[in-house]
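File shown here: input-v4.cif, holding mmCIF, C-alpha atoms.
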data_target
#
loop_
_atom_site.label_atom_id
_atom_site.label_comp_id
_atom_site.auth_asym_id
_atom_site.auth_seq_id
_atom_site.Cartn_x
_atom_site.Cartn_y
_atom_site.Cartn_z
CA GLN V 1 -147.72 -14.80 85.05
CA VAL V 2 -144.16 -13.55 85.33
CA GLN V 3 -141.37 -14.59 83.00
CA LEU V 4 -137.78 -14.33 84.13
CA VAL V 5 -134.81 -14.18 81.77
CA GLU V 6 -131.24 -14.39 82.99
CA SER V 7 -128.21 -13.05 81.18
CA GLY V 8 -124.58 -12.26 81.84
CA GLY V 9 -123.17 -15.73 82.31
CA GLY V 10 -120.00 -16.85 80.61
CA LEU V 11 -116.46 -18.10 81.04
CA VAL V 12 -114.18 -16.31 83.48
CA GLN V 13 -110.86 -17.08 85.10
CA ALA V 14 -110.60 -17.74 88.81
CA GLY V 15 -110.46 -14.48 90.71
CA GLY V 16 -112.48 -12.68 88.06
CA SER V 17 -115.90 -11.08 88.18
CA LEU V 18 -119.24 -11.39 86.42
CA ARG V 19 -122.55 -9.60 86.73
CA LEU V 20 -125.71 -11.58 86.14
CA SER V 21 -128.97 -9.89 85.26
CA CYS V 22 -132.53 -11.10 85.70
CA ALA V 23 -135.20 -9.34 83.67
CA ALA V 24 -138.88 -9.79 84.43
CA SER V 25 -141.55 -9.60 81.77
CA GLY V 26 -145.19 -10.51 81.45
CA ARG V 27 -147.44 -9.31 84.25
CA THR V 28 -144.74 -7.14 85.69
CA GLY V 29 -144.78 -3.57 86.85
CA ARG V 30 -146.28 -3.38 90.29
CA THR V 31 -146.67 -7.18 90.44
CA PHE V 32 -142.99 -8.00 90.06
CA SER V 33 -141.91 -5.08 92.17
CA SER V 34 -143.76 -6.68 95.10
CA TYR V 35 -141.90 -9.98 94.74
CA ALA V 36 -138.76 -11.15 96.48
CA VAL V 37 -136.19 -12.26 93.89
CA GLY V 38 -133.18 -14.46 94.25
CA TRP V 39 -130.55 -16.59 92.63
CA VAL V 40 -130.14 -20.31 92.94
CA ARG V 41 -127.40 -22.32 91.27
CA GLN V 42 -126.91 -25.92 90.29
CA ALA V 43 -123.57 -27.50 89.49
CA PRO V 44 -123.32 -30.75 87.52
CA GLY V 45 -124.23 -33.72 89.67
CA LYS V 46 -125.19 -31.53 92.64
CA GLU V 47 -128.37 -30.31 94.27
CA ARG V 48 -129.66 -26.81 93.67
CA GLU V 49 -128.04 -24.35 96.06
CA PHE V 50 -129.37 -21.04 97.32
CA VAL V 51 -127.08 -18.11 96.45
CA ALA V 52 -128.75 -14.82 97.36
CA ALA V 53 -132.13 -13.11 97.56
CA ILE V 54 -133.49 -9.61 97.91
CA SER V 55 -136.78 -8.35 99.28
CA TRP V 56 -139.34 -6.56 97.15
CA SER V 57 -138.19 -3.21 98.48
CA GLY V 58 -134.53 -4.01 98.09
CA GLY V 59 -134.06 -3.22 101.73
CA VAL V 60 -133.34 -6.75 102.91
CA THR V 61 -130.84 -9.14 101.39
CA TYR V 62 -130.06 -12.76 102.11
CA TYR V 63 -126.87 -14.63 101.25
CA ALA V 64 -125.59 -18.14 101.54
CA ASP V 65 -122.62 -18.13 103.89
CA SER V 66 -120.15 -19.14 101.19
CA MET V 67 -121.18 -16.15 99.03
CA LYS V 68 -121.07 -13.44 101.67
CA GLY V 69 -118.47 -10.84 100.86
CA ARG V 70 -118.04 -12.06 97.29
CA PHE V 71 -121.54 -11.72 95.80
CA THR V 72 -123.86 -8.73 95.92
CA ILE V 73 -127.53 -8.81 94.93
CA SER V 74 -129.37 -5.62 94.00
CA ARG V 75 -132.53 -4.41 92.29
CA GLY V 76 -132.72 -1.88 89.50
CA ASN V 77 -134.52 1.39 89.95
CA ALA V 78 -137.33 0.17 87.74
CA LYS V 79 -137.72 -2.87 90.03
CA ASN V 80 -138.12 -5.29 87.10
CA MET V 81 -134.38 -5.97 87.04
CA VAL V 82 -132.31 -7.83 89.60
CA TYR V 83 -128.56 -8.17 89.46
CA LEU V 84 -125.99 -10.47 91.00
CA GLN V 85 -122.48 -9.06 91.08
CA MET V 86 -120.01 -11.88 91.58
CA SER V 87 -116.37 -11.30 92.39
CA SER V 88 -113.39 -13.39 93.48
CA LEU V 89 -114.90 -16.25 91.54
CA LYS V 90 -113.69 -19.76 92.18
CA PRO V 91 -113.93 -22.91 90.06
CA ASP V 92 -116.46 -24.19 92.63
CA ASP V 93 -118.77 -21.37 91.56
CA THR V 94 -119.20 -23.07 88.18
CA ALA V 95 -122.90 -23.81 87.77
CA VAL V 96 -126.09 -22.84 86.03
CA TYR V 97 -127.49 -19.82 87.82
CA TYR V 98 -131.26 -19.46 87.98
CA CYS V 99 -133.30 -16.41 88.82
CA ALA V 100 -136.35 -17.09 91.00
CA ALA V 101 -139.20 -14.92 92.26
CA ASP V 102 -141.97 -15.29 94.81
CA GLU V 103 -144.12 -13.11 97.02
CA ASN V 104 -142.63 -14.93 100.01
CA PRO V 105 -138.87 -14.40 100.47
CA ASN V 106 -138.69 -17.66 102.45
CA ALA V 107 -139.80 -19.49 99.32
CA VAL V 108 -136.96 -17.90 97.36
CA VAL V 109 -134.43 -18.88 100.02
CA GLY V 110 -135.92 -22.35 100.32
CA GLY V 111 -135.95 -23.06 96.59
CA THR V 112 -139.73 -23.27 96.24
CA SER V 113 -140.34 -20.08 94.29
CA ASP V 114 -143.36 -19.79 92.04
CA TYR V 115 -141.38 -18.41 89.12
CA TRP V 116 -138.08 -19.50 87.62
CA GLY V 117 -135.92 -18.47 84.70
CA GLN V 118 -134.19 -20.86 82.31
CA GLY V 119 -130.77 -20.27 83.80
CA THR V 120 -127.44 -18.91 82.62
CA GLN V 121 -124.18 -20.86 82.64
CA VAL V 122 -121.25 -19.57 84.65
CA THR V 123 -117.94 -21.34 84.17
CA VAL V 124 -114.89 -20.43 86.23
CA SER V 125 -111.58 -21.79 84.98
CA SER V 126 -108.63 -22.42 87.26
#
Show me this structure written as structure tokens.
Amino acid sequence: QVQLVESGGGLVQAGGSLRLSCAASGRTGRTFSSYAVGWVRQAPGKEREFVAAISWSGGVTYYADSMKGRFTISRGNAKNMVYLQMSSLKPDDTAVYYCAADENPNAVVGGTSDYWGQGTQVTVSS
């Protein structure tokens, strides 16, 4: 079992930046380091939306078109941390951001990951 805990959310003005962190605990180590990890967000009244994902090695990244150039996903050297650097934030980026992990990167992109965090709120004011 892998537990994911997000942090780093908060209130920011439009045009600002935030860095979200996802920390894995539980049966981690080599297990988590072999998982693809991503971020999915959900705004009030909307469906969950894929944001970004990164392969287990960190060598392959995936982004939703609307996030390309503004968001950057990365893995920590210890592999049990994943980060989402968000810049040029817009009010439309306001949502709860969830960290998700799965052995299959397609599951992360498709929103069917085995493991999910509880989410962290990001609010962008205009």
Result set of the PyMOL selection byres ((chain V and resi 21) around 9) on the coordinates above, as a compact mmCIF listing (two decimals) with C-alpha atoms, in the coordinates of the input:
# COMPACT_ATOMS: atom_id res chain seq x y z
CA VAL V 5 -134.81 -14.18 81.77
CA GLU V 6 -131.24 -14.39 82.99
CA SER V 7 -128.21 -13.05 81.18
CA GLY V 8 -124.58 -12.26 81.84
CA GLY V 9 -123.17 -15.73 82.31
CA ARG V 19 -122.55 -9.60 86.73
CA LEU V 20 -125.71 -11.58 86.14
CA CYS V 22 -132.53 -11.10 85.70
CA ALA V 23 -135.20 -9.34 83.67
CA MET V 81 -134.38 -5.97 87.04
CA VAL V 82 -132.31 -7.83 89.60
CA TYR V 83 -128.56 -8.17 89.46
CA LEU V 84 -125.99 -10.47 91.00
CA GLN V 85 -122.48 -9.06 91.08
CA CYS V 99 -133.30 -16.41 88.82
Please, which residues are within 8 Å of (-114.4, -17.4, 90.7) by the file's coordinates, counting only C-alpha atoms, and could they come as a ChimeraX atom specification?
/V:12-17,86-94,124-125
Proximity to Val40 (chain V) - best of V:Tyr115, V:Ser25, V:Pro105, V:Val96, only C-alpha atoms
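The answer is V:Val96, which sits nearest to Val40 (chain V).
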If we count all atoms listed in the file, what is near Val37 (chain V) at a cut-off of 9 Å, once residues fewer than 6 positions away on the same chain are taken out, given as a list in words?
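What passes the distance filter is Ala52, Ala53, Ile54, Ser55, Trp56, Arg75, Val82, Cys99, Ala100, Ala101, Asp102, Glu103, Pro105, Val108 and Ser113 of chain V.
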Calculated over only C-alpha atoms, which of the candidates V:Gln1, V:Thr61, V:Ser34, V:Asn77 has the smallest distance to Val109 (chain V)?
V:Thr61
Two-atom distance - CA of Gln3 (chain V), CA of Asp114 (chain V) (Å):
10.6 Å
How many Å lie between CA of Ser57 (chain V) and CA of Arg41 (chain V), rounded to one decimal?
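Separation between CA of Ser57 (chain V) and CA of Arg41 (chain V): 23.1 Å.
Here CA of Asn106 (chain V) stands at a distance of 20.4 Å from CA of Gly119 (chain V).
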Best match for closeness to Gly76 (chain V) among V:Thr120, V:Ser33, V:Val2, V:Lys46, counting only C-alpha atoms:
V:Ser33
Selected residue, from V:Tyr63, V:Ala107, V:Ser126, V:Tyr97, that lies nearest to Ala36 (chain V) when counting all atoms listed in the file:
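When distances to Ala36 (chain V) are compared using all atoms listed in the file, the smallest one comes from V:Ala107.
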Which residue of V:Leu18, V:Ala24, V:Val51, V:Leu11 approaches Ala78 (chain V) most closely, using all atoms listed in the file:
V:Ala24
Write out as JSON an axis-aligned box for region 69-74 of chain V: all of its atoms listed in the file, 6 Å added on each side, centre and edge lengths in Å with one decimal.
{"center_x": -123.7, "center_y": -8.8, "center_z": 97.4, "size_x": 23.3, "size_y": 18.4, "size_z": 18.9}
